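Q: Just input-v8.txt, nothing more (compact mmCIF, N, CA and C atoms):
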# COMPACT_ATOMS: atom_id res chain seq x y z
N MET A 58 -64.23 -33.80 46.36
CA MET A 58 -65.28 -32.98 45.83
C MET A 58 -65.24 -31.57 46.43
N ALA A 59 -64.93 -31.48 47.70
CA ALA A 59 -64.89 -30.18 48.36
C ALA A 59 -63.73 -29.33 47.84
N ASP A 60 -62.68 -29.97 47.31
CA ASP A 60 -61.52 -29.23 46.82
C ASP A 60 -61.83 -28.45 45.56
N THR A 61 -62.88 -28.83 44.83
CA THR A 61 -63.19 -28.15 43.58
C THR A 61 -64.04 -26.91 43.80
N GLN A 62 -64.53 -26.71 45.02
CA GLN A 62 -65.36 -25.53 45.30
C GLN A 62 -64.51 -24.28 45.27
N LYS A 63 -65.02 -23.24 44.62
CA LYS A 63 -64.31 -21.96 44.55
C LYS A 63 -64.44 -21.21 45.87
N SER A 64 -63.41 -20.45 46.19
CA SER A 64 -63.44 -19.62 47.38
C SER A 64 -64.40 -18.46 47.19
N ARG A 65 -65.02 -18.01 48.29
CA ARG A 65 -65.92 -16.87 48.21
C ARG A 65 -65.16 -15.59 47.88
N HIS A 66 -63.92 -15.51 48.29
CA HIS A 66 -63.14 -14.29 48.10
C HIS A 66 -62.37 -14.39 46.79
N SER A 67 -62.54 -13.41 45.94
CA SER A 67 -61.96 -13.47 44.60
C SER A 67 -60.44 -13.45 44.61
N LEU A 68 -59.81 -12.92 45.66
CA LEU A 68 -58.36 -12.83 45.70
C LEU A 68 -57.74 -13.92 46.56
N ALA A 69 -58.55 -14.84 47.10
CA ALA A 69 -58.04 -15.85 48.01
C ALA A 69 -57.00 -16.75 47.34
N GLY A 70 -57.14 -17.00 46.06
CA GLY A 70 -56.21 -17.86 45.36
C GLY A 70 -54.82 -17.28 45.21
N LEU A 71 -54.64 -16.00 45.44
CA LEU A 71 -53.33 -15.37 45.28
C LEU A 71 -52.35 -15.80 46.35
N ASN A 72 -52.83 -16.28 47.48
CA ASN A 72 -51.93 -16.66 48.56
C ASN A 72 -51.44 -18.09 48.42
N ARG A 73 -51.89 -18.79 47.40
CA ARG A 73 -51.42 -20.15 47.15
C ARG A 73 -50.20 -20.10 46.23
N PRO A 74 -49.27 -21.04 46.40
CA PRO A 74 -48.12 -21.06 45.49
C PRO A 74 -48.57 -21.32 44.06
N THR A 75 -47.92 -20.68 43.13
CA THR A 75 -48.26 -20.85 41.72
C THR A 75 -47.02 -21.31 40.96
N PRO A 76 -47.20 -22.09 39.90
CA PRO A 76 -46.06 -22.59 39.15
C PRO A 76 -45.35 -21.52 38.33
N ARG A 77 -46.04 -20.45 37.96
CA ARG A 77 -45.42 -19.41 37.13
C ARG A 77 -44.60 -18.46 38.00
N VAL A 78 -43.32 -18.42 37.71
CA VAL A 78 -42.44 -17.56 38.49
C VAL A 78 -41.51 -16.83 37.53
N ASP A 79 -41.48 -15.52 37.62
CA ASP A 79 -40.57 -14.71 36.83
C ASP A 79 -39.55 -14.12 37.80
N LEU A 80 -38.34 -14.62 37.75
CA LEU A 80 -37.31 -14.14 38.67
C LEU A 80 -36.44 -13.05 38.05
N GLN A 81 -36.82 -12.57 36.89
CA GLN A 81 -36.06 -11.52 36.24
C GLN A 81 -36.59 -10.16 36.70
N PHE A 82 -36.22 -9.79 37.92
CA PHE A 82 -36.65 -8.50 38.46
C PHE A 82 -35.83 -7.38 37.83
N ARG A 83 -36.50 -6.25 37.58
CA ARG A 83 -35.83 -5.05 37.09
C ARG A 83 -35.78 -4.06 38.25
N ASP A 84 -34.65 -3.43 38.42
CA ASP A 84 -34.54 -2.38 39.44
C ASP A 84 -35.34 -1.17 38.98
N THR A 85 -36.13 -0.63 39.89
CA THR A 85 -36.94 0.54 39.58
C THR A 85 -36.88 1.53 40.74
N ASP A 86 -37.39 2.69 40.51
CA ASP A 86 -37.53 3.71 41.56
C ASP A 86 -38.82 4.46 41.28
N LEU A 87 -39.94 3.77 41.49
CA LEU A 87 -41.25 4.33 41.17
C LEU A 87 -42.07 4.53 42.43
N GLN A 88 -42.88 5.55 42.43
CA GLN A 88 -43.81 5.75 43.53
C GLN A 88 -45.20 5.38 43.04
N ALA A 89 -45.95 4.76 43.94
CA ALA A 89 -47.32 4.36 43.63
C ALA A 89 -48.15 4.50 44.89
N ARG A 90 -49.44 4.30 44.74
CA ARG A 90 -50.32 4.25 45.90
C ARG A 90 -50.80 2.82 46.07
N ALA A 91 -50.80 2.36 47.30
CA ALA A 91 -51.40 1.07 47.62
C ALA A 91 -52.79 1.37 48.17
N VAL A 92 -53.82 0.93 47.47
CA VAL A 92 -55.20 1.17 47.88
C VAL A 92 -55.76 -0.13 48.42
N TYR A 93 -56.36 -0.06 49.60
CA TYR A 93 -56.86 -1.26 50.26
C TYR A 93 -58.13 -0.93 51.04
N TYR A 94 -58.88 -1.98 51.34
CA TYR A 94 -60.08 -1.85 52.15
C TYR A 94 -59.80 -2.47 53.51
N SER A 95 -60.00 -1.69 54.55
CA SER A 95 -59.79 -2.19 55.90
C SER A 95 -60.89 -3.17 56.25
N ARG A 96 -60.57 -4.08 57.14
CA ARG A 96 -61.52 -5.11 57.54
C ARG A 96 -62.80 -4.48 58.09
N GLY A 97 -63.93 -4.89 57.55
CA GLY A 97 -65.22 -4.39 58.02
C GLY A 97 -65.58 -3.00 57.53
N MET A 98 -64.71 -2.38 56.77
CA MET A 98 -64.98 -1.02 56.29
C MET A 98 -65.33 -1.08 54.80
N LYS A 99 -66.21 -0.19 54.38
CA LYS A 99 -66.58 -0.12 52.97
C LYS A 99 -65.89 1.03 52.27
N VAL A 100 -65.04 1.74 52.98
CA VAL A 100 -64.29 2.83 52.37
C VAL A 100 -62.85 2.39 52.18
N SER A 101 -62.22 2.93 51.17
CA SER A 101 -60.84 2.55 50.90
C SER A 101 -59.87 3.50 51.60
N SER A 102 -58.70 2.97 51.87
CA SER A 102 -57.60 3.76 52.41
C SER A 102 -56.44 3.61 51.44
N SER A 103 -55.48 4.50 51.54
CA SER A 103 -54.31 4.37 50.66
C SER A 103 -53.06 4.83 51.38
N MET A 104 -51.95 4.36 50.89
CA MET A 104 -50.65 4.79 51.40
C MET A 104 -49.69 4.87 50.22
N GLN A 105 -48.72 5.72 50.34
CA GLN A 105 -47.71 5.84 49.30
C GLN A 105 -46.65 4.78 49.52
N VAL A 106 -46.25 4.10 48.46
CA VAL A 106 -45.20 3.09 48.52
C VAL A 106 -44.21 3.34 47.38
N ARG A 107 -43.04 2.80 47.53
CA ARG A 107 -42.02 2.89 46.49
C ARG A 107 -41.81 1.48 45.93
N ILE A 108 -41.86 1.36 44.61
CA ILE A 108 -41.59 0.09 43.94
C ILE A 108 -40.10 0.08 43.63
N VAL A 109 -39.35 -0.83 44.28
CA VAL A 109 -37.90 -0.85 44.09
C VAL A 109 -37.44 -1.95 43.14
N ARG A 110 -38.27 -2.99 42.96
CA ARG A 110 -37.97 -4.05 42.00
C ARG A 110 -39.28 -4.51 41.39
N LEU A 111 -39.23 -4.93 40.12
CA LEU A 111 -40.45 -5.23 39.40
C LEU A 111 -40.22 -6.40 38.45
N SER A 112 -41.18 -7.32 38.38
CA SER A 112 -41.13 -8.41 37.40
C SER A 112 -42.54 -8.60 36.86
N THR A 113 -42.70 -9.54 35.93
CA THR A 113 -44.02 -9.77 35.36
C THR A 113 -44.96 -10.43 36.36
N GLY A 114 -44.43 -11.07 37.38
CA GLY A 114 -45.26 -11.77 38.35
C GLY A 114 -45.43 -11.07 39.68
N GLY A 115 -44.67 -10.00 39.94
CA GLY A 115 -44.79 -9.33 41.22
C GLY A 115 -43.80 -8.18 41.36
N ALA A 116 -43.67 -7.70 42.59
CA ALA A 116 -42.82 -6.54 42.85
C ALA A 116 -42.30 -6.59 44.27
N ILE A 117 -41.28 -5.78 44.52
CA ILE A 117 -40.76 -5.54 45.87
C ILE A 117 -41.08 -4.09 46.19
N LEU A 118 -41.81 -3.89 47.27
CA LEU A 118 -42.22 -2.55 47.69
C LEU A 118 -41.43 -2.13 48.92
N GLN A 119 -41.30 -0.84 49.10
CA GLN A 119 -40.61 -0.29 50.26
C GLN A 119 -41.49 0.82 50.82
N GLY A 120 -41.58 0.90 52.14
CA GLY A 120 -42.37 1.94 52.78
C GLY A 120 -42.46 1.74 54.27
N GLU A 121 -42.72 2.81 54.97
CA GLU A 121 -42.77 2.76 56.43
C GLU A 121 -44.06 2.12 56.95
N LEU A 122 -45.15 2.25 56.22
CA LEU A 122 -46.44 1.77 56.70
C LEU A 122 -46.83 0.41 56.16
N LEU A 123 -45.93 -0.30 55.50
CA LEU A 123 -46.25 -1.59 54.90
C LEU A 123 -46.84 -2.60 55.87
N PRO A 124 -46.42 -2.63 57.14
CA PRO A 124 -47.04 -3.61 58.05
C PRO A 124 -48.56 -3.43 58.22
N PHE A 125 -49.09 -2.26 57.91
CA PHE A 125 -50.52 -2.00 58.06
C PHE A 125 -51.32 -2.32 56.80
N LEU A 126 -50.63 -2.70 55.73
CA LEU A 126 -51.29 -3.01 54.47
C LEU A 126 -51.99 -4.36 54.57
N THR A 127 -53.20 -4.46 54.01
CA THR A 127 -53.96 -5.71 54.06
C THR A 127 -53.33 -6.76 53.13
N ASP A 128 -53.80 -8.00 53.23
CA ASP A 128 -53.24 -9.08 52.43
C ASP A 128 -53.48 -8.91 50.94
N GLN A 129 -54.61 -8.31 50.56
CA GLN A 129 -54.90 -8.04 49.16
C GLN A 129 -55.13 -6.55 49.00
N PHE A 130 -54.59 -5.99 47.91
CA PHE A 130 -54.70 -4.55 47.68
C PHE A 130 -54.44 -4.26 46.20
N TYR A 131 -54.53 -3.00 45.84
CA TYR A 131 -54.26 -2.56 44.47
C TYR A 131 -53.08 -1.61 44.48
N LEU A 132 -52.16 -1.80 43.55
CA LEU A 132 -51.14 -0.79 43.27
C LEU A 132 -51.74 0.13 42.23
N VAL A 133 -51.73 1.42 42.50
CA VAL A 133 -52.35 2.39 41.60
C VAL A 133 -51.26 3.31 41.08
N LEU A 134 -51.13 3.38 39.78
CA LEU A 134 -50.16 4.24 39.12
C LEU A 134 -50.89 5.39 38.46
N GLY A 135 -50.25 6.55 38.47
CA GLY A 135 -50.86 7.73 37.88
C GLY A 135 -51.99 8.25 38.74
N ASP A 136 -52.81 9.05 38.14
CA ASP A 136 -53.97 9.62 38.83
C ASP A 136 -55.14 8.65 38.68
N ARG A 137 -55.06 7.51 39.38
CA ARG A 137 -56.06 6.44 39.30
C ARG A 137 -56.19 5.93 37.86
N GLU A 138 -55.08 5.84 37.15
CA GLU A 138 -55.11 5.46 35.73
C GLU A 138 -54.84 3.98 35.51
N ILE A 139 -53.96 3.38 36.29
CA ILE A 139 -53.62 1.97 36.12
C ILE A 139 -53.73 1.29 37.48
N PHE A 140 -54.51 0.20 37.54
CA PHE A 140 -54.68 -0.58 38.76
C PHE A 140 -54.06 -1.96 38.54
N ILE A 141 -53.27 -2.41 39.50
CA ILE A 141 -52.69 -3.76 39.46
C ILE A 141 -53.08 -4.45 40.76
N THR A 142 -53.81 -5.55 40.66
CA THR A 142 -54.26 -6.28 41.84
C THR A 142 -53.09 -7.10 42.39
N CYS A 143 -52.86 -6.98 43.70
CA CYS A 143 -51.71 -7.61 44.34
C CYS A 143 -52.11 -8.37 45.60
N ALA A 144 -51.24 -9.29 46.00
CA ALA A 144 -51.37 -10.00 47.27
C ALA A 144 -50.03 -9.97 47.97
N LYS A 145 -50.08 -9.76 49.27
CA LYS A 145 -48.87 -9.72 50.10
C LYS A 145 -48.26 -11.12 50.16
N ARG A 146 -46.95 -11.21 49.97
CA ARG A 146 -46.25 -12.48 50.07
C ARG A 146 -45.34 -12.56 51.28
N HIS A 147 -44.49 -11.53 51.46
CA HIS A 147 -43.50 -11.58 52.54
C HIS A 147 -43.11 -10.16 52.93
N LEU A 148 -42.97 -9.93 54.23
CA LEU A 148 -42.58 -8.62 54.74
C LEU A 148 -41.37 -8.78 55.64
N ALA A 149 -40.30 -8.04 55.34
CA ALA A 149 -39.09 -8.08 56.17
C ALA A 149 -38.24 -6.85 55.89
N ASP A 150 -37.66 -6.29 56.93
CA ASP A 150 -36.73 -5.16 56.83
C ASP A 150 -37.28 -3.97 56.05
N GLY A 151 -38.55 -3.65 56.25
CA GLY A 151 -39.14 -2.50 55.59
C GLY A 151 -39.44 -2.70 54.12
N LYS A 152 -39.33 -3.94 53.62
CA LYS A 152 -39.64 -4.25 52.23
C LYS A 152 -40.68 -5.36 52.20
N MET A 153 -41.52 -5.33 51.18
CA MET A 153 -42.56 -6.34 51.05
C MET A 153 -42.54 -6.92 49.64
N ALA A 154 -42.56 -8.24 49.56
CA ALA A 154 -42.71 -8.92 48.28
C ALA A 154 -44.20 -9.11 48.03
N VAL A 155 -44.65 -8.78 46.83
CA VAL A 155 -46.05 -8.94 46.47
C VAL A 155 -46.15 -9.72 45.16
N ALA A 156 -47.26 -10.41 44.99
CA ALA A 156 -47.54 -11.13 43.75
C ALA A 156 -48.70 -10.44 43.05
N PHE A 157 -48.64 -10.40 41.72
CA PHE A 157 -49.72 -9.83 40.93
C PHE A 157 -50.80 -10.90 40.71
N ALA A 158 -52.05 -10.48 40.61
CA ALA A 158 -53.15 -11.42 40.40
C ALA A 158 -53.01 -12.15 39.07
N SER A 159 -52.52 -11.47 38.07
CA SER A 159 -52.25 -12.09 36.78
C SER A 159 -50.94 -11.52 36.26
N PRO A 160 -50.19 -12.32 35.51
CA PRO A 160 -48.89 -11.83 35.04
C PRO A 160 -49.05 -10.63 34.10
N GLU A 161 -48.13 -9.70 34.23
CA GLU A 161 -48.11 -8.52 33.37
C GLU A 161 -47.24 -8.83 32.15
N HIS A 162 -47.46 -8.09 31.07
CA HIS A 162 -46.64 -8.26 29.87
C HIS A 162 -45.23 -7.75 30.14
N ARG A 163 -44.26 -8.45 29.63
CA ARG A 163 -42.86 -8.08 29.82
C ARG A 163 -42.58 -6.68 29.28
N GLU A 164 -43.19 -6.32 28.15
CA GLU A 164 -42.98 -5.00 27.57
C GLU A 164 -43.48 -3.90 28.50
N PHE A 165 -44.61 -4.15 29.16
CA PHE A 165 -45.18 -3.19 30.11
C PHE A 165 -44.23 -3.01 31.30
N ILE A 166 -43.72 -4.10 31.83
CA ILE A 166 -42.79 -4.04 32.97
C ILE A 166 -41.50 -3.34 32.57
N ASP A 167 -40.98 -3.66 31.39
CA ASP A 167 -39.75 -3.00 30.92
C ASP A 167 -39.96 -1.50 30.77
N ALA A 168 -41.13 -1.10 30.27
CA ALA A 168 -41.42 0.33 30.11
C ALA A 168 -41.54 1.02 31.47
N LEU A 169 -42.18 0.37 32.44
CA LEU A 169 -42.26 0.95 33.79
C LEU A 169 -40.87 1.08 34.40
N ALA A 170 -40.03 0.07 34.21
CA ALA A 170 -38.67 0.12 34.76
C ALA A 170 -37.84 1.22 34.10
N GLY A 171 -38.21 1.60 32.89
CA GLY A 171 -37.46 2.62 32.17
C GLY A 171 -37.88 4.05 32.49
N ILE A 172 -38.91 4.24 33.32
CA ILE A 172 -39.34 5.59 33.66
C ILE A 172 -38.24 6.26 34.48
N SER A 173 -37.79 7.41 34.02
CA SER A 173 -36.66 8.07 34.68
C SER A 173 -37.10 9.03 35.78
N GLU A 174 -38.33 9.51 35.74
CA GLU A 174 -38.81 10.45 36.74
C GLU A 174 -39.82 9.73 37.64
N PRO A 175 -39.42 9.35 38.85
CA PRO A 175 -40.32 8.55 39.70
C PRO A 175 -41.60 9.28 40.09
N GLN A 176 -41.60 10.58 40.14
CA GLN A 176 -42.81 11.31 40.51
C GLN A 176 -43.89 11.18 39.43
N THR A 177 -43.50 10.79 38.22
CA THR A 177 -44.46 10.64 37.13
C THR A 177 -45.57 9.68 37.53
N THR A 178 -45.26 8.65 38.30
CA THR A 178 -46.27 7.66 38.63
C THR A 178 -47.30 8.18 39.62
N LEU A 179 -47.05 9.32 40.24
CA LEU A 179 -48.04 9.91 41.13
C LEU A 179 -48.85 11.00 40.44
N LYS A 180 -48.46 11.33 39.20
CA LYS A 180 -49.17 12.34 38.42
C LYS A 180 -49.90 11.63 37.29
N ARG A 181 -50.42 12.40 36.38
CA ARG A 181 -51.04 11.80 35.19
C ARG A 181 -49.97 11.17 34.31
N LEU A 182 -50.24 9.95 33.88
CA LEU A 182 -49.30 9.24 33.02
C LEU A 182 -49.49 9.61 31.55
N ARG A 183 -50.72 9.95 31.18
CA ARG A 183 -51.02 10.21 29.77
C ARG A 183 -50.12 11.30 29.21
N GLY A 184 -49.45 10.97 28.11
CA GLY A 184 -48.59 11.94 27.45
C GLY A 184 -47.17 11.99 27.99
N ALA A 185 -46.90 11.30 29.10
CA ALA A 185 -45.57 11.36 29.70
C ALA A 185 -44.86 10.00 29.70
N THR A 186 -45.50 8.98 29.13
CA THR A 186 -44.93 7.64 29.18
C THR A 186 -45.03 6.96 27.82
N PRO A 187 -44.29 5.86 27.63
CA PRO A 187 -44.36 5.13 26.36
C PRO A 187 -45.78 4.62 26.07
N MET A 188 -46.06 4.33 24.82
CA MET A 188 -47.39 3.91 24.37
C MET A 188 -47.85 2.64 25.08
N ILE A 189 -46.95 1.70 25.39
CA ILE A 189 -47.35 0.45 26.04
C ILE A 189 -47.96 0.73 27.41
N ILE A 190 -47.48 1.76 28.09
CA ILE A 190 -48.04 2.13 29.39
C ILE A 190 -49.36 2.87 29.19
N GLU A 191 -49.39 3.78 28.25
CA GLU A 191 -50.62 4.55 28.00
C GLU A 191 -51.76 3.66 27.53
N SER A 192 -51.45 2.54 26.88
CA SER A 192 -52.50 1.63 26.43
C SER A 192 -53.18 0.93 27.60
N ARG A 193 -52.54 0.89 28.76
CA ARG A 193 -53.12 0.26 29.95
C ARG A 193 -53.96 1.22 30.79
N ILE A 194 -53.94 2.50 30.46
CA ILE A 194 -54.67 3.48 31.27
C ILE A 194 -56.16 3.18 31.20
N THR A 195 -56.78 3.11 32.35
CA THR A 195 -58.20 2.80 32.45
C THR A 195 -59.02 3.84 31.70
N ALA A 196 -59.89 3.39 30.83
CA ALA A 196 -60.65 4.27 29.95
C ALA A 196 -61.51 5.28 30.72
N ARG A 197 -62.06 4.89 31.86
CA ARG A 197 -62.97 5.80 32.55
C ARG A 197 -62.27 7.01 33.13
N TYR A 198 -60.93 6.96 33.23
CA TYR A 198 -60.20 8.10 33.73
C TYR A 198 -59.49 8.86 32.63
N ALA A 199 -59.75 8.48 31.38
CA ALA A 199 -59.08 9.14 30.25
C ALA A 199 -59.59 10.57 30.12
N LEU A 200 -58.76 11.40 29.52
CA LEU A 200 -59.14 12.81 29.30
C LEU A 200 -60.21 12.93 28.24
Re-express the file's structure as structure tokens.
A:
Amino acid sequence: MADTQKSRHSLAGLNRPTPRVDLQFRDTDLQARAVYYSRGMKVSSSMQVRIVRLSTGGAILQGELLPFLTDQFYLVLGDREIFITCAKRHLADGKMAVAFASPEHREFIDALAGISEPQTTLKRLRGATPMIIESRITARYAL
């Protein structure tokens, strides 16, 4: 009976193994921001990370400050335009494997992998990316 109780933390389930696994990683060279809340703090912090591999279920990140990243965080693309909820899986050799809270569409991942200018992900995405990416842009930040 106790096993059916939901966790108080909405992202706690991300650290459990899941049956859905997409091992078809695409090589990428994208920059993003990892936004996280420090323990006991109500303000967010962020760090710049590089997405070097991407799949529908997760990504491989690279960065110098990855050891300081919390277990759950958001990958933010563009000027706060696209948020992807993530959980830390494994950290080794300056790279971190992360899992997405929910699987992304393959077309969206393929379009992100096809971006040729990595700095685009730190600027506004609107007007500079394929329609599948622009359709994910959060409405409250739209022009």
Q: Of the candidates A:Ala158, A:Met153, A:Leu111, A:Cys143, which shows the shortest atom-to-atom distance to A:Gly171, using only C-alpha atoms?
A: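 Of the candidates, the smallest distance to A:Gly171 is held by A:Leu111.
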Q: Counting all atoms listed in the file, which residue out of A:Arg146, A:Lys152, A:Arg181, A:Arg96 sits closest to A:Leu134?
A: A:Arg181
Q: Name the residues of stretch 58-184 of chain A that fall into strand (DSSP E) according to DSSP on the backbone, using the chain letters and numbers of this document, as an NGL selection string.
A: :A and (83-94 or 101-111 or 115-119 or 129-134 or 139-149 or 152-157)
Q: Could you pull the residues within 10 Å of A:Thr142, counting only C-alpha atoms, minus those fewer than 3 positions along the same chain, as a list of chain:residue names?
A: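 In the requested form, the answer reads A:Leu68, A:Leu71, A:Ala91, A:Val92, A:Gly115, A:Gln129, A:Phe130, A:Tyr131, A:Leu132, A:Val133, A:Val155, A:Ala156, A:Phe157, A:Ala158, A:Ser159.
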Q: Excluding stretch 188-194 of chain A and any residue of its chain fewer than 5 positions from it, enumerate the residues within 6.5 Å of it, using all atoms listed in the file, and give them as a ChimeraX atom specification.
A: /A:138-139,164-165,182-183,199
Q: Print the selection's residues with N, CA and C atoms to a file, as an mmCIF file, in the frame of the given file.
A:
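Final file, selection_37.cif:
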data_model
loop_
_atom_site.group_PDB
_atom_site.id
_atom_site.type_symbol
_atom_site.label_atom_id
_atom_site.label_comp_id
_atom_site.auth_asym_id
_atom_site.auth_seq_id
_atom_site.Cartn_x
_atom_site.Cartn_y
_atom_site.Cartn_z
ATOM 1 N N GLU A 138 -55.080 5.840 37.150
ATOM 2 C CA GLU A 138 -55.110 5.460 35.730
ATOM 3 C C GLU A 138 -54.840 3.980 35.510
ATOM 4 N N ILE A 139 -53.960 3.380 36.290
ATOM 5 C CA ILE A 139 -53.620 1.970 36.120
ATOM 6 C C ILE A 139 -53.730 1.290 37.480
ATOM 7 N N GLU A 164 -43.190 -6.320 28.150
ATOM 8 C CA GLU A 164 -42.980 -5.000 27.570
ATOM 9 C C GLU A 164 -43.480 -3.900 28.500
ATOM 10 N N PHE A 165 -44.610 -4.150 29.160
ATOM 11 C CA PHE A 165 -45.180 -3.190 30.110
ATOM 12 C C PHE A 165 -44.230 -3.010 31.300
ATOM 13 N N LEU A 182 -50.240 9.950 33.880
ATOM 14 C CA LEU A 182 -49.300 9.240 33.020
ATOM 15 C C LEU A 182 -49.490 9.610 31.550
ATOM 16 N N ARG A 183 -50.720 9.950 31.180
ATOM 17 C CA ARG A 183 -51.020 10.210 29.770
ATOM 18 C C ARG A 183 -50.120 11.300 29.210
ATOM 19 N N ALA A 199 -59.750 8.480 31.380
ATOM 20 C CA ALA A 199 -59.080 9.140 30.250
ATOM 21 C C ALA A 199 -59.590 10.570 30.120
#
Q: One decimal, Å: what's the distance from atom C of A:His147 over to atom CA of A:Glu174, could you say?
A: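 Computing it gives 26.6 Å between the two atoms.
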Q: Could you check how far atom CA of A:Thr178 sits from atom CA of A:Phe140, in Å to one decimal?
A: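 Atom-to-atom, atom CA of A:Thr178 to atom CA of A:Phe140, that is 11.8 Å.
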Q: Go ahead and compute the interatomic distance for atom C of A:Asp84 and atom N of A:Leu179, in Å to one decimal.
A: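 Those two atoms sit 15.8 Å apart.
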Q: Point out the residue among A:Tyr94, A:Leu118, A:Arg137, A:Ala168 with the least atom-to-atom distance to A:Ala149, counting only C-alpha atoms.
A: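 Result for the nearest residue to A:Ala149: A:Leu118.
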Q: Name the closest residue to A:Arg90 among the candidates A:Ser112, A:Gln119, A:Ser103, A:Gln176; distances are taken between atoms, counting all atoms listed in the file.
A: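 Smallest distance to A:Arg90 is found for A:Ser103.
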Q: Which is closer to A:Pro160 than all the others in A:Thr186, A:Thr127, A:Ser173, A:Thr113, using only C-alpha atoms?
A: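 The answer is A:Thr113, which sits nearest to A:Pro160.
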